[in-house]
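Accompanying notes for the structure given below.
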Amino acid sequence: MVTVPAGKFEMGGDRDEWSVPDEHGNRIIDMRAFSASQTEITSRQYDACVRAGACRAPLLKAQGDDYPVTGVSWRDAQSYAAWLSAQTGGHYRLLSEAEWERIARAGTQSRFWWGDDPDPAFGNFGDESCCRPAVRGPDTFESAAPVRRFKPTPEGFYDLYGNVWEWVQDCYGDYDRAPRDGSAQDPADCRVRVLRGGSYLLPSGFARASGRYKLTPGARRPDVGFRVAQDLGRP
């Protein structure tokens, strides 16, 4: 887990050929301190929950222990967070959409934290013509890559851009109506949940810091995983 201090950041910012109205609406978020997992939850970590009988097996078996678990639904991610909380005595959960964008931006307003142009040194992106893997430069993977194979953000987070989509807690709603304290939009009647970060199957435009996608909470796809967060409280 990597600690993210309390502070303000600007959420939103992209208005290019890849952006859509559902991600427009810049606003200042006054973020509480939290921590988030350095990487996507791996197959090894998730399998411990499966062996304990607290999680459903993923749709597909990962290529190795250090690959991100994929083929898990939003509900499966909730089960894992609940099991991890019970095992450790902590309170683990999914990141909010604002928290995800905060760590992805790393203090910037560019399309990616390193700039506006995609760079295979920093992410496992798909072919720019969509929708198939692309092997170029440091990206030698035709599917998901093991965690920590690409350069991290300055704060030490890996694989936020590309590799696999990441479930967040939020219900998919108007981008500019998200709570200004960084918490999730989470109504009880939510039917569609948010994913962030793009994947190895999709062009880099899907992986922008403000890019978002949606699926029903029961959906399982081979390019979808998650990471977890913890509340640290206000200083």
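Residues in the structure tokens are numbered from 1 in each chain, the chains being A, B, ... in the order shown, and ligands are numbered from 1 in the order shown.
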
Quick one: everything within 12 Å of Trp18 of chain A, counting only C-alpha atoms, minus sequence neighbours fewer than 2 positions away in the same chain. Send it as a list of chain:residue names.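 Selected residues are A:Asp14, A:Arg15, A:Asp16, A:Val20, A:Pro21, A:Asp22, A:Glu23, A:His24, A:Arg111, A:Glu128, A:Pro203, A:Ser204, A:Gly205, A:Phe206, A:Ala207, A:Arg208, A:Ala209, A:Ser210, A:Gly211, A:Arg212.
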
Select from chain A everything DSSP, run on the backbone, classes as helix (DSSP H, G or I), then give the selection as a ChimeraX atom specification. /A:21-23,43-51,74-88,97-105,175-177,204-207

Could you write out that same residue set with N, CA and C atoms as a CSV table (one decimal), in the first residue's frame?
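In the end it all went to part.csv:
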chain,number,residue,atom,x,y,z
A,21,PRO,N,-18.6,13.6,-23.5
A,21,PRO,CA,-19.2,14.5,-22.5
A,21,PRO,C,-19.3,13.9,-21.1
A,22,ASP,N,-19.4,12.6,-21.0
A,22,ASP,CA,-19.5,12.0,-19.6
A,22,ASP,C,-18.2,12.1,-18.8
A,23,GLU,N,-17.1,12.7,-19.4
A,23,GLU,CA,-15.9,12.9,-18.6
A,23,GLU,C,-15.5,14.4,-18.6
A,43,SER,N,-3.0,-12.4,-9.2
A,43,SER,CA,-3.6,-13.7,-9.1
A,43,SER,C,-3.3,-14.4,-7.8
A,44,ARG,N,-2.0,-14.3,-7.3
A,44,ARG,CA,-1.6,-15.0,-6.1
A,44,ARG,C,-2.4,-14.4,-4.9
A,45,GLN,N,-2.6,-13.1,-4.9
A,45,GLN,CA,-3.4,-12.5,-3.8
A,45,GLN,C,-4.8,-12.9,-3.8
A,46,TYR,N,-5.4,-12.9,-5.0
A,46,TYR,CA,-6.8,-13.2,-5.1
A,46,TYR,C,-7.1,-14.7,-4.8
A,47,ASP,N,-6.1,-15.6,-5.3
A,47,ASP,CA,-6.3,-17.0,-5.1
A,47,ASP,C,-6.4,-17.4,-3.6
A,48,ALA,N,-5.7,-16.6,-2.7
A,48,ALA,CA,-5.8,-16.9,-1.3
A,48,ALA,C,-7.2,-16.8,-0.8
A,49,CYS,N,-8.0,-15.8,-1.4
A,49,CYS,CA,-9.4,-15.6,-1.0
A,49,CYS,C,-10.2,-16.8,-1.6
A,50,VAL,N,-9.9,-17.2,-2.8
A,50,VAL,CA,-10.6,-18.3,-3.4
A,50,VAL,C,-10.4,-19.6,-2.5
A,51,ARG,N,-9.2,-19.8,-2.2
A,51,ARG,CA,-8.9,-21.0,-1.3
A,51,ARG,C,-9.6,-21.0,0.0
A,74,TRP,N,-17.3,-6.6,-10.4
A,74,TRP,CA,-17.3,-5.6,-9.3
A,74,TRP,C,-17.7,-6.3,-8.0
A,75,ARG,N,-18.6,-7.2,-8.1
A,75,ARG,CA,-19.1,-7.9,-6.9
A,75,ARG,C,-18.0,-8.8,-6.3
A,76,ASP,N,-17.2,-9.5,-7.2
A,76,ASP,CA,-16.1,-10.3,-6.8
A,76,ASP,C,-15.0,-9.4,-6.1
A,77,ALA,N,-14.8,-8.2,-6.6
A,77,ALA,CA,-13.8,-7.3,-6.0
A,77,ALA,C,-14.3,-6.9,-4.6
A,78,GLN,N,-15.6,-6.7,-4.4
A,78,GLN,CA,-16.2,-6.4,-3.1
A,78,GLN,C,-15.9,-7.6,-2.1
A,79,SER,N,-16.1,-8.8,-2.6
A,79,SER,CA,-15.9,-10.0,-1.8
A,79,SER,C,-14.4,-10.0,-1.3
A,80,TYR,N,-13.5,-9.8,-2.3
A,80,TYR,CA,-12.1,-9.8,-1.9
A,80,TYR,C,-11.8,-8.7,-0.9
A,81,ALA,N,-12.3,-7.5,-1.0
A,81,ALA,CA,-12.0,-6.5,-0.1
A,81,ALA,C,-12.5,-6.8,1.3
A,82,ALA,N,-13.7,-7.4,1.3
A,82,ALA,CA,-14.3,-7.8,2.6
A,82,ALA,C,-13.5,-8.9,3.3
A,83,TRP,N,-13.0,-9.9,2.5
A,83,TRP,CA,-12.2,-11.0,3.0
A,83,TRP,C,-10.9,-10.4,3.5
A,84,LEU,N,-10.2,-9.5,2.8
A,84,LEU,CA,-9.0,-9.0,3.2
A,84,LEU,C,-9.1,-8.2,4.5
A,85,SER,N,-10.2,-7.4,4.6
A,85,SER,CA,-10.5,-6.7,5.8
A,85,SER,C,-10.6,-7.6,7.0
A,86,ALA,N,-11.3,-8.7,6.8
A,86,ALA,CA,-11.5,-9.6,7.9
A,86,ALA,C,-10.2,-10.3,8.3
A,87,GLN,N,-9.3,-10.6,7.4
A,87,GLN,CA,-8.1,-11.3,7.6
A,87,GLN,C,-7.1,-10.3,8.3
A,88,THR,N,-7.1,-9.1,8.0
A,88,THR,CA,-6.1,-8.1,8.5
A,88,THR,C,-6.6,-7.2,9.7
A,97,GLU,N,-13.6,6.8,-7.8
A,97,GLU,CA,-13.2,7.3,-9.1
A,97,GLU,C,-12.2,8.5,-9.0
A,98,ALA,N,-12.5,9.4,-8.0
A,98,ALA,CA,-11.6,10.5,-7.8
A,98,ALA,C,-10.3,10.1,-7.3
A,99,GLU,N,-10.3,9.1,-6.4
A,99,GLU,CA,-9.0,8.7,-5.9
A,99,GLU,C,-8.1,8.0,-7.0
A,100,TRP,N,-8.8,7.3,-7.8
A,100,TRP,CA,-8.1,6.7,-8.9
A,100,TRP,C,-7.4,7.7,-9.8
A,101,GLU,N,-8.2,8.8,-10.1
A,101,GLU,CA,-7.7,9.8,-11.0
A,101,GLU,C,-6.6,10.6,-10.3
A,102,ARG,N,-6.7,10.8,-9.0
A,102,ARG,CA,-5.6,11.5,-8.2
A,102,ARG,C,-4.3,10.8,-8.3
A,103,ILE,N,-4.3,9.5,-8.2
A,103,ILE,CA,-3.0,8.8,-8.2
A,103,ILE,C,-2.5,8.6,-9.7
A,104,ALA,N,-3.4,8.6,-10.6
A,104,ALA,CA,-3.0,8.5,-12.0
A,104,ALA,C,-2.4,9.8,-12.5
A,105,ARG,N,-3.0,10.9,-12.1
A,105,ARG,CA,-2.5,12.2,-12.5
A,105,ARG,C,-1.2,12.6,-11.9
A,175,TYR,N,-20.0,13.0,-14.6
A,175,TYR,CA,-18.6,13.2,-14.1
A,175,TYR,C,-18.5,14.5,-13.2
A,176,ASP,N,-19.3,15.5,-13.5
A,176,ASP,CA,-19.1,16.8,-12.8
A,176,ASP,C,-20.0,16.8,-11.6
A,177,ARG,N,-20.7,15.7,-11.2
A,177,ARG,CA,-21.5,15.7,-10.0
A,177,ARG,C,-20.9,14.8,-8.9
A,204,SER,N,-4.5,3.7,-26.6
A,204,SER,CA,-4.1,4.5,-25.5
A,204,SER,C,-5.1,5.5,-25.1
A,205,GLY,N,-6.0,5.9,-26.0
A,205,GLY,CA,-7.0,6.9,-25.7
A,205,GLY,C,-7.9,6.5,-24.6
A,206,PHE,N,-8.2,5.2,-24.5
A,206,PHE,CA,-9.0,4.7,-23.4
A,206,PHE,C,-8.3,4.8,-22.0
A,207,ALA,N,-7.0,4.9,-22.0
A,207,ALA,CA,-6.2,4.9,-20.8
A,207,ALA,C,-5.9,6.3,-20.3

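The coordinates place atom CA of Lys61 of chain A at 27.1 Å from atom CA of Gln230 of chain A.
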
The residue from A:Ala145, A:Ser35, A:Tyr200, A:Pro179 with the smallest atom-to-atom distance to Ala62 of chain A, counting only C-alpha atoms, is A:Ala145

Which residue, A:Pro58, A:Arg132, A:Thr153, A:Gln169, has the smallest gap to Trp114 of chain A when you use only C-alpha atoms?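 Closest to Trp114 of chain A of all the choices is A:Thr153.
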